[in-house]
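First up is the structure itself, then whatever we jot down about it.
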Amino acid sequence: MTRRDPASPTLTRKRRCAVYTRKSTDEGLEKEFNSLDAQRESCEAYIASQRSEGWVLVHDRYDDGGVSGGTLERPALKRLLADIEAGLVDVVVVYKIDRLSRSLMDFAKLV
């Protein structure tokens, strides 16, 4: 779906944005508000700030708690990549780039 941007005669394309969060250890994940929640909250605020650019939040959660960033073998990351391949996600938002990968080679593969 597209909508007209009042400042421009062109159409603004809807961009479906997914938030990916990761924490290497299980420590603290049992708390009511944990590191994954904080990462997600920050990313959701950024997506909201880009609403005029057509950014909309995908409500599916892609959270890898207690999983190292040194490998791409992560359940939520695999699901996110499958959703990207299926055309369900246009933009991936992460709190910090190291949440996506700790390996430069893996990061290059993802990009």
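Identifiers in this document derive from the order of the structure tokens: chains are assigned A, B, ..., residues are numbered from 1 separately in each chain, and ligands are numbered from 1 in order of occurrence.
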Requested in this report: Identify, with DSSP run on backbone atoms, the residues in chain A assigned to alpha helix (DSSP H), and express the list as a PyMOL selection string.
Outcome: chain A and resi 35-49+75-85+97-100+104-110
Query raised in the report: Residues at most 10 Å from Thr71 of chain A, counting only C-alpha atoms, excluding those fewer than 2 positions away in the same chain, as a ChimeraX atom specification?
Result: /A:67-69,73-74,100-103,106
Could those selected residues go to a file with all heavy atoms, as a compact mmCIF listing (two decimals), in the first residue's frame?
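Generated file (result.txt):
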```txt
# COMPACT_ATOMS: atom_id res chain seq x y z
N VAL A 67 21.85 -16.35 22.91
CA VAL A 67 22.49 -16.92 21.72
C VAL A 67 23.64 -16.02 21.27
O VAL A 67 23.48 -14.81 21.16
CB VAL A 67 21.48 -17.07 20.55
CG1 VAL A 67 22.12 -17.74 19.36
CG2 VAL A 67 20.24 -17.82 20.99
N SER A 68 24.79 -16.61 21.02
CA SER A 68 25.98 -15.86 20.60
C SER A 68 25.80 -15.23 19.24
O SER A 68 25.16 -15.80 18.34
CB SER A 68 27.18 -16.80 20.56
OG SER A 68 28.29 -16.17 19.93
N GLY A 69 26.41 -14.06 19.07
CA GLY A 69 26.40 -13.39 17.78
C GLY A 69 27.53 -13.86 16.89
O GLY A 69 27.72 -13.34 15.79
N GLU A 73 23.67 -19.34 13.12
CA GLU A 73 22.76 -20.42 13.52
C GLU A 73 21.94 -19.99 14.73
O GLU A 73 22.16 -20.45 15.85
CB GLU A 73 23.54 -21.70 13.81
CG GLU A 73 24.25 -22.26 12.60
CD GLU A 73 23.30 -22.60 11.46
OE1 GLU A 73 22.26 -23.22 11.73
OE2 GLU A 73 23.60 -22.22 10.31
N ARG A 74 21.00 -19.07 14.49
CA ARG A 74 20.13 -18.55 15.55
C ARG A 74 18.69 -18.67 15.07
O ARG A 74 18.37 -18.25 13.96
CB ARG A 74 20.47 -17.09 15.83
CG ARG A 74 21.86 -16.93 16.44
CD ARG A 74 22.20 -15.47 16.61
NE ARG A 74 23.10 -15.08 15.53
CZ ARG A 74 23.26 -13.86 15.08
NH1 ARG A 74 22.57 -12.86 15.55
NH2 ARG A 74 24.12 -13.61 14.11
N LEU A 100 23.33 -7.93 15.39
CA LEU A 100 23.09 -8.72 14.18
C LEU A 100 24.18 -9.75 13.99
O LEU A 100 23.91 -10.91 13.69
CB LEU A 100 23.00 -7.79 12.97
CG LEU A 100 22.49 -8.36 11.68
CD1 LEU A 100 21.10 -8.97 11.86
CD2 LEU A 100 22.44 -7.29 10.61
N SER A 101 25.44 -9.34 14.17
CA SER A 101 26.55 -10.28 14.01
C SER A 101 27.80 -9.76 14.70
O SER A 101 28.06 -8.56 14.70
CB SER A 101 26.85 -10.51 12.53
OG SER A 101 27.95 -11.37 12.39
N ARG A 102 28.57 -10.68 15.25
CA ARG A 102 29.88 -10.37 15.83
C ARG A 102 31.00 -10.66 14.84
O ARG A 102 32.15 -10.36 15.09
CB ARG A 102 30.11 -11.20 17.10
CG ARG A 102 29.27 -10.79 18.25
CD ARG A 102 29.78 -9.51 18.82
NE ARG A 102 29.47 -9.37 20.23
CZ ARG A 102 29.90 -8.36 20.92
NH1 ARG A 102 30.68 -7.46 20.36
NH2 ARG A 102 29.60 -8.24 22.18
N SER A 103 30.64 -11.25 13.72
CA SER A 103 31.62 -11.66 12.71
C SER A 103 31.49 -10.77 11.48
O SER A 103 30.41 -10.66 10.90
CB SER A 103 31.36 -13.12 12.32
OG SER A 103 31.97 -13.43 11.09
N ASP A 106 30.32 -12.86 8.54
CA ASP A 106 28.88 -13.15 8.60
C ASP A 106 28.07 -11.90 8.26
O ASP A 106 27.05 -11.98 7.58
CB ASP A 106 28.47 -13.69 9.96
CG ASP A 106 28.91 -15.11 10.19
OD1 ASP A 106 29.28 -15.81 9.22
OD2 ASP A 106 28.90 -15.55 11.37
```
Report the closest atom pair, with its distance in Å rounded to one decimal, for each residue of segment 38-92 of chain A that has an atom no farther than 6 Å from segment 8-28 of chain A; count only C-alpha atoms, sort by chain and then rising residue number, and write it as a Markdown table.
```
| residue | atom | partner | partner_atom | distance |
| --- | --- | --- | --- | --- |
| A:Gly54 | CA | A:Lys14 | CA | 4.4 |
| A:Trp55 | CA | A:Arg15 | CA | 4.7 |
| A:Val56 | CA | A:Arg16 | CA | 5.2 |
| A:Leu57 | CA | A:Cys17 | CA | 4.9 |
| A:Val58 | CA | A:Ala18 | CA | 5.1 |
| A:Tyr62 | CA | A:Tyr20 | CA | 5.0 |
| A:Asp63 | CA | A:Thr21 | CA | 4.8 |
| A:Asp64 | CA | A:Arg22 | CA | 4.6 |
| A:Gly65 | CA | A:Lys23 | CA | 4.9 |
| A:Gly66 | CA | A:Thr25 | CA | 3.9 |
| A:Val67 | CA | A:Ser24 | CA | 4.7 |
| A:Ser68 | CA | A:Ser24 | CA | 4.6 |
| A:Val89 | CA | A:Arg16 | CA | 5.2 |
| A:Asp90 | CA | A:Arg16 | CA | 5.1 |
| A:Val91 | CA | A:Cys17 | CA | 4.6 |
| A:Val92 | CA | A:Ala18 | CA | 5.0 |
```
Requested in this report: Write out as a ChimeraX atom specification the residues lying within 8 Å of Tyr95 of chain A, counting only C-alpha atoms and excluding same-chain residues fewer than 6 positions away.
Outcome: /A:21,39-40,42-43
Query raised in the report: When DSSP works through the backbone of this structure, what residues of segment 12-101 of chain A end up as strand (DSSP E or B), shown as a ChimeraX atom specification?
Result: /A:12-13,15-23,55-57,62-65,91-93
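Among the candidates A:Leu110, A:Lys96, A:His59, A:Asp37, the residue lying nearest to Leu77 of chain A is A:Leu110 (atoms considered: only C-alpha atoms).
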Query raised in the report: atom CA of Glu44 of chain A to atom CA of Pro75 of chain A: how many Å, to one decimal?
Result: 21.2 Å
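Closest approach to Leu81 of chain A among A:Glu53, A:Lys109, A:Ala38, A:Glu32 is made by A:Lys109 (distances from only C-alpha atoms).
The residue that comes closest to Ala48 of chain A, out of A:Ala82, A:Leu88, A:Leu36, A:Val93 and on the basis of only C-alpha atoms, is A:Val93.
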Requested in this report: Calculate how many Å separate atom CA of Ile84 of chain A from atom CA of Tyr46 of chain A, rounding to one decimal.
Outcome: 19.9 Å
